[in-house]
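So the structure is just underneath, and the comments pick up after that.
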Amino acid sequence: MLVDNGVHGDSRVQKQARSAADAGWDVILLGRSPTGAPQSWQLGGAQVRLVPMPEPLFRKRHQYRRAWLRWPFAYPPNGIAEYRAQQVAAWRAELRFRGAQLALAARAGRRDRAAERWLRVRRVLADLAGHWVWVRTKMHNRALYARRYRNPWDRAVTLFWQLTKGDGAWRRLEPGLWDYELAFGPVVDELAPDLIHANDFRMLGVGARAKVRALAAGRPVRLVWDAHEFLPGIRPWQQHIRWLPAMRAHEREYAPHADAVVTVSEALAEMLRAEHDLAELPAVVLNAPAVEHAPDGADGSVPDLRQLCGIGADVPLVVYSGSAAEPRGLRTMVDALPELSAVHTALVVNPDLPYVRKLVAHARRIGVADRLHVLPYVAHWQVVPFLAGADVGVIPIHHWPNHEIALITKFFEYAHARLPLVVSDVRTMAQTVRSTGQGEVFRARDVADYVRAVRAVLADRERYRAAYDRPGLLAGWTWRAQADILTAIYRRLLDDGERKGPRLSFSVEAGALPNTSAAGGEPVPAAVVQR
């Protein structure tokens with residue numbers, strides 16, 4: 001299974017791999033090593049391998065040369081900027097030490113005025129050197145990272161490659177995609193899988209090329225493409241105009257190689273069929289929780305959410321669990337706390353992110369830091385019982401095309417925890433909540449409307465919880481039901497003879513994510529997909 005994150009941070013691929021292994025398949029899950037060294041472990045019956053992936057092609061060509069005309073004083077891109085900054089820092093440390101020595105000597109009656117005057121001169125020189133290094137480093141950084149490919153020349157070059165290369169333009173616009181092929185392609189070839197499950201758009205090319213090579217060698221291979229997002233509606237991951245056209249061209253080139261397509265929602269399935277002229281509607285596999293995936297030997301214990309927050313059972317508690325970034329709308333939750341005077345808010349996120357630290361600092365400024373609790377993730381099989389300790393589950397995401405078309409992982413986790421929901425008015429989620437009656441909808445980014453929704457839910461929690469008693473509602477939102485869909489696809493693609501022990505190859509790209517899920521940390525994969 002090929003996927004574009006580092007296994008530890010992706011519960012969807014973990015659930016897929018483990019479920020496939022439980023169904024009797026020989027599963028190899030490949031991921032990208034965050035340390036640059038190979039790693040491996042067992043995930044249920046599946047084997048996980050993390051592969052080092054150098055990224056020399058990820059850097060743009062201008063980042064390898066000096067920008068003499070634009071930034072004449074910038075350091076060359078060879079590491080000297082970091083060296084000079086550290087050199088000046090060491091000089092200042094030495095001057096601080098020398099100042100301490102002279103102060104002690106003066107206190108003991110051995111004052112050396114000449115040495116003190118010389119120290120002041122050296123401090124001025126160090127300050128001047130530091131400022132000069134800062135100026136040159138700033139120019140260096142601007143030369144490396146400030147270019148956005150938005151000027152008329154860059155736009156003309158981008159258009160030229162699109163017109164002359166068509167869907168192959170990605171090779172010129174974003175050659176870093178070859179880094180994935182060079183790292184994972186040989187590994188997939190060596191495994192010789194019968195079926196490749198490629199998650200998301202960057203690994204689609206790796207899987208498609210491996211399929212073509214296998215067919216050329218006389219070995220049939222089936223390719224399943226798992227599309228997590230609608231690429232034309234994605235927020236670009238790189239801040240330049242070439243990234244999205246390159247990724248879309250890459251996806252268009254390799255989508256026809258997929259023997260089956262799966263995705264996360266019915267709306268996205270329709271959009272993918274129209275975008276790529278697919279012969280059949282992609283199957284929908286929801287990001288539902290898998291509480292049955294506790295590791296072998298686990299004692300079943302789950303951290304207590306309220307205990308970690310330091311509050312009792314009678315204190316109103318709202319919770320957010322998942323990725324932390326500005327489009328996720330967490331600022332709305334913090335800004336509302338002054339109006340929700342008795343309510344505590346728990347954010348189950350990566351606490352080390354700069355965005356999270358900014359939220360905590362903001363809470364401190366507005367006087368609500370004592371009611372904001374930032375907690376680390378837990379293992380993905382612990383998420384549901386962990387979240388059940390709250391009174392309300394919140395999804396305050398902003399309007400963005402991909403936010404409008406799917407029910408995200410935390411939606412199902414909150415539902416299985418039987419939490420009343422407060423969600424922003426992104427289309428699919430708002431429609432579902434209004435239809436089921438499991439919560440309230442507020443206008444995205446509207447703090448006053450969020451306060452209204454939270455108060456409404458807290459005033460009648462049991463009425464909203466009763467929505468989960470509807471027959472069949474939660475049963476359809478389980479990973480077991482989703483695994484049955486995937487198993488049926490695999491078996492349709494492979495004949496009976498191939499099914500007696502086929503090898504599935506799973507691969508994952510990123511690798512910078514911690515041991516996470518929608519809520520915290522297990523030494524082997526524990527994660528959540530937050531897109």
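Each chain in the structure tokens gets a letter, A, B, ..., in the order shown, and its residues are numbered from 1; ligands are numbered from 1 in order too.
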
Region 216-228 of chain A surroundings by only C-alpha atoms, 7 Å radius, close-in-sequence under 2 positions cut, as JSON, numbers by chain
{"A": [193, 194, 195, 196, 197, 198, 199, 200, 201, 204, 207, 211, 212, 213, 214, 258, 259, 260, 261, 262, 263, 264, 493]}

As a PyMOL selection string, list the residues of region 144-354 of chain A assigned to helix (DSSP H, G or I) by DSSP on the backbone atoms of this structure.
chain A and resi 144-145+152-173+177-191+200-216+231-233+243-257+266-276+305-309+326-328+330-336+354

Mind checking which residues fall within 10 Å of Gly99 (chain A), counting only C-alpha atoms, ignoring those fewer than 6 positions away in the same chain, and posting them as number ranges by chain?
A: 93, 105, 115-116, 119-120, 123

For Glu253 (chain A), please output as a list in words all residues within 12 Å (counting only C-alpha atoms; exclusion window: fewer than 5 positions along the same chain).
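Final neighbour list, sorted by chain and number: Lys165, Gly166, Asp167, Gly168, Ala169, Trp170, Arg171, Phe201, Arg202, Leu204, Gly205, Val206, Ala208, Arg209, Ala246, Met247, Arg248, Ala258 and His276 of chain A.
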
Selection above as a file: C-alpha atoms, as an mmCIF file, in the first residue's frame:
```cif
data_model
loop_
_atom_site.group_PDB
_atom_site.id
_atom_site.type_symbol
_atom_site.label_atom_id
_atom_site.label_comp_id
_atom_site.auth_asym_id
_atom_site.auth_seq_id
_atom_site.Cartn_x
_atom_site.Cartn_y
_atom_site.Cartn_z
ATOM 1 C CA LYS A 165 4.349 18.484 -22.197
ATOM 2 C CA GLY A 166 0.673 18.158 -21.281
ATOM 3 C CA ASP A 167 0.241 15.873 -18.280
ATOM 4 C CA GLY A 168 3.974 15.165 -18.379
ATOM 5 C CA ALA A 169 4.682 18.767 -17.378
ATOM 6 C CA TRP A 170 5.104 17.718 -13.751
ATOM 7 C CA ARG A 171 8.570 16.418 -14.658
ATOM 8 C CA PHE A 201 -1.783 11.408 -5.291
ATOM 9 C CA ARG A 202 1.995 11.348 -4.818
ATOM 10 C CA LEU A 204 -0.137 6.953 -7.289
ATOM 11 C CA GLY A 205 2.756 7.452 -9.697
ATOM 12 C CA VAL A 206 5.001 5.048 -7.766
ATOM 13 C CA ALA A 208 1.471 2.924 -11.532
ATOM 14 C CA ARG A 209 5.073 2.747 -12.695
ATOM 15 C CA ALA A 246 2.334 19.743 -11.324
ATOM 16 C CA MET A 247 0.457 17.531 -8.865
ATOM 17 C CA ARG A 248 -2.706 17.610 -10.964
ATOM 18 C CA ALA A 258 -5.683 2.197 -11.538
ATOM 19 C CA HIS A 276 -10.627 11.542 -14.544
#
```

May I have all residues of region 281-382 of chain A that DSSP, computed from the backbone, assigns to strand (DSSP E), given as a list of chain:residue names?
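The strand (DSSP E) subset of region 281-382 of chain A is A:Ala283, A:Val284, A:Leu317, A:Val318, A:Val319, A:Tyr320, A:Ser321, A:His344, A:Thr345, A:Ala346, A:Leu347, A:Val348, A:Leu372, A:His373, A:Val374, A:Leu375.
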
Of the candidates A:Cys309, A:Leu340, A:Ile234, A:Ile489, which one gets nearest to Glu404 (chain A) if we count only C-alpha atoms?
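Selected residue with least distance to Glu404 (chain A): A:Ile234.
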
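Note that the spacing between CA of Gly312 (chain A) and CA of Ile397 (chain A) amounts to 28.4 Å.
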
Quick one: of A:Gln14, A:Ala23, A:Leu421, A:Asn141, who's nearest to Arg491 (chain A), counting only C-alpha atoms?
A:Ala23

Can you tell me which residues surround Glu280 (chain A) at a distance of at most 10 Å, considering only C-alpha atoms, apart from same-chain residues fewer than 3 positions away, and format the answer as a list in words?
Ala260, Val261, Ala269, Glu270, Arg273, Asp277 and Ala283 of chain A

Preceding selection exported with C-alpha atoms as an mmCIF file, in the first residue's frame:
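As a result, result37.cif now contains:
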```
data_model
loop_
_atom_site.group_PDB
_atom_site.id
_atom_site.type_symbol
_atom_site.label_atom_id
_atom_site.label_comp_id
_atom_site.auth_asym_id
_atom_site.auth_seq_id
_atom_site.Cartn_x
_atom_site.Cartn_y
_atom_site.Cartn_z
ATOM 1 C CA ALA A 260 -9.992 0.270 -8.925
ATOM 2 C CA VAL A 261 -10.418 3.583 -7.117
ATOM 3 C CA ALA A 269 -16.316 9.823 -5.635
ATOM 4 C CA GLU A 270 -18.540 11.741 -8.064
ATOM 5 C CA ARG A 273 -15.204 10.189 -11.763
ATOM 6 C CA ASP A 277 -13.436 10.121 -16.685
ATOM 7 C CA ALA A 283 -16.000 2.838 -3.873
#
```

Could you state the separation of CA of Leu458 (chain A) and CA of Ala346 (chain A) in Å, given to one decimal place?
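These atoms are spaced 15.5 Å apart.
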
Atomic distance CA of Arg418 (chain A) - CA of Ala388 (chain A), expressed in Å with one decimal
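Atom-to-atom, CA of Arg418 (chain A) and CA of Ala388 (chain A) are spaced 6.8 Å apart.
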
Check the smallest atom-to-atom distance from each of A:Ala430, A:Thr137, A:Arg65, A:Leu191 to Val27 (chain A) using only C-alpha atoms, then report the winner.
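Counting only C-alpha atoms, the residue closest to Val27 (chain A) is A:Leu191.
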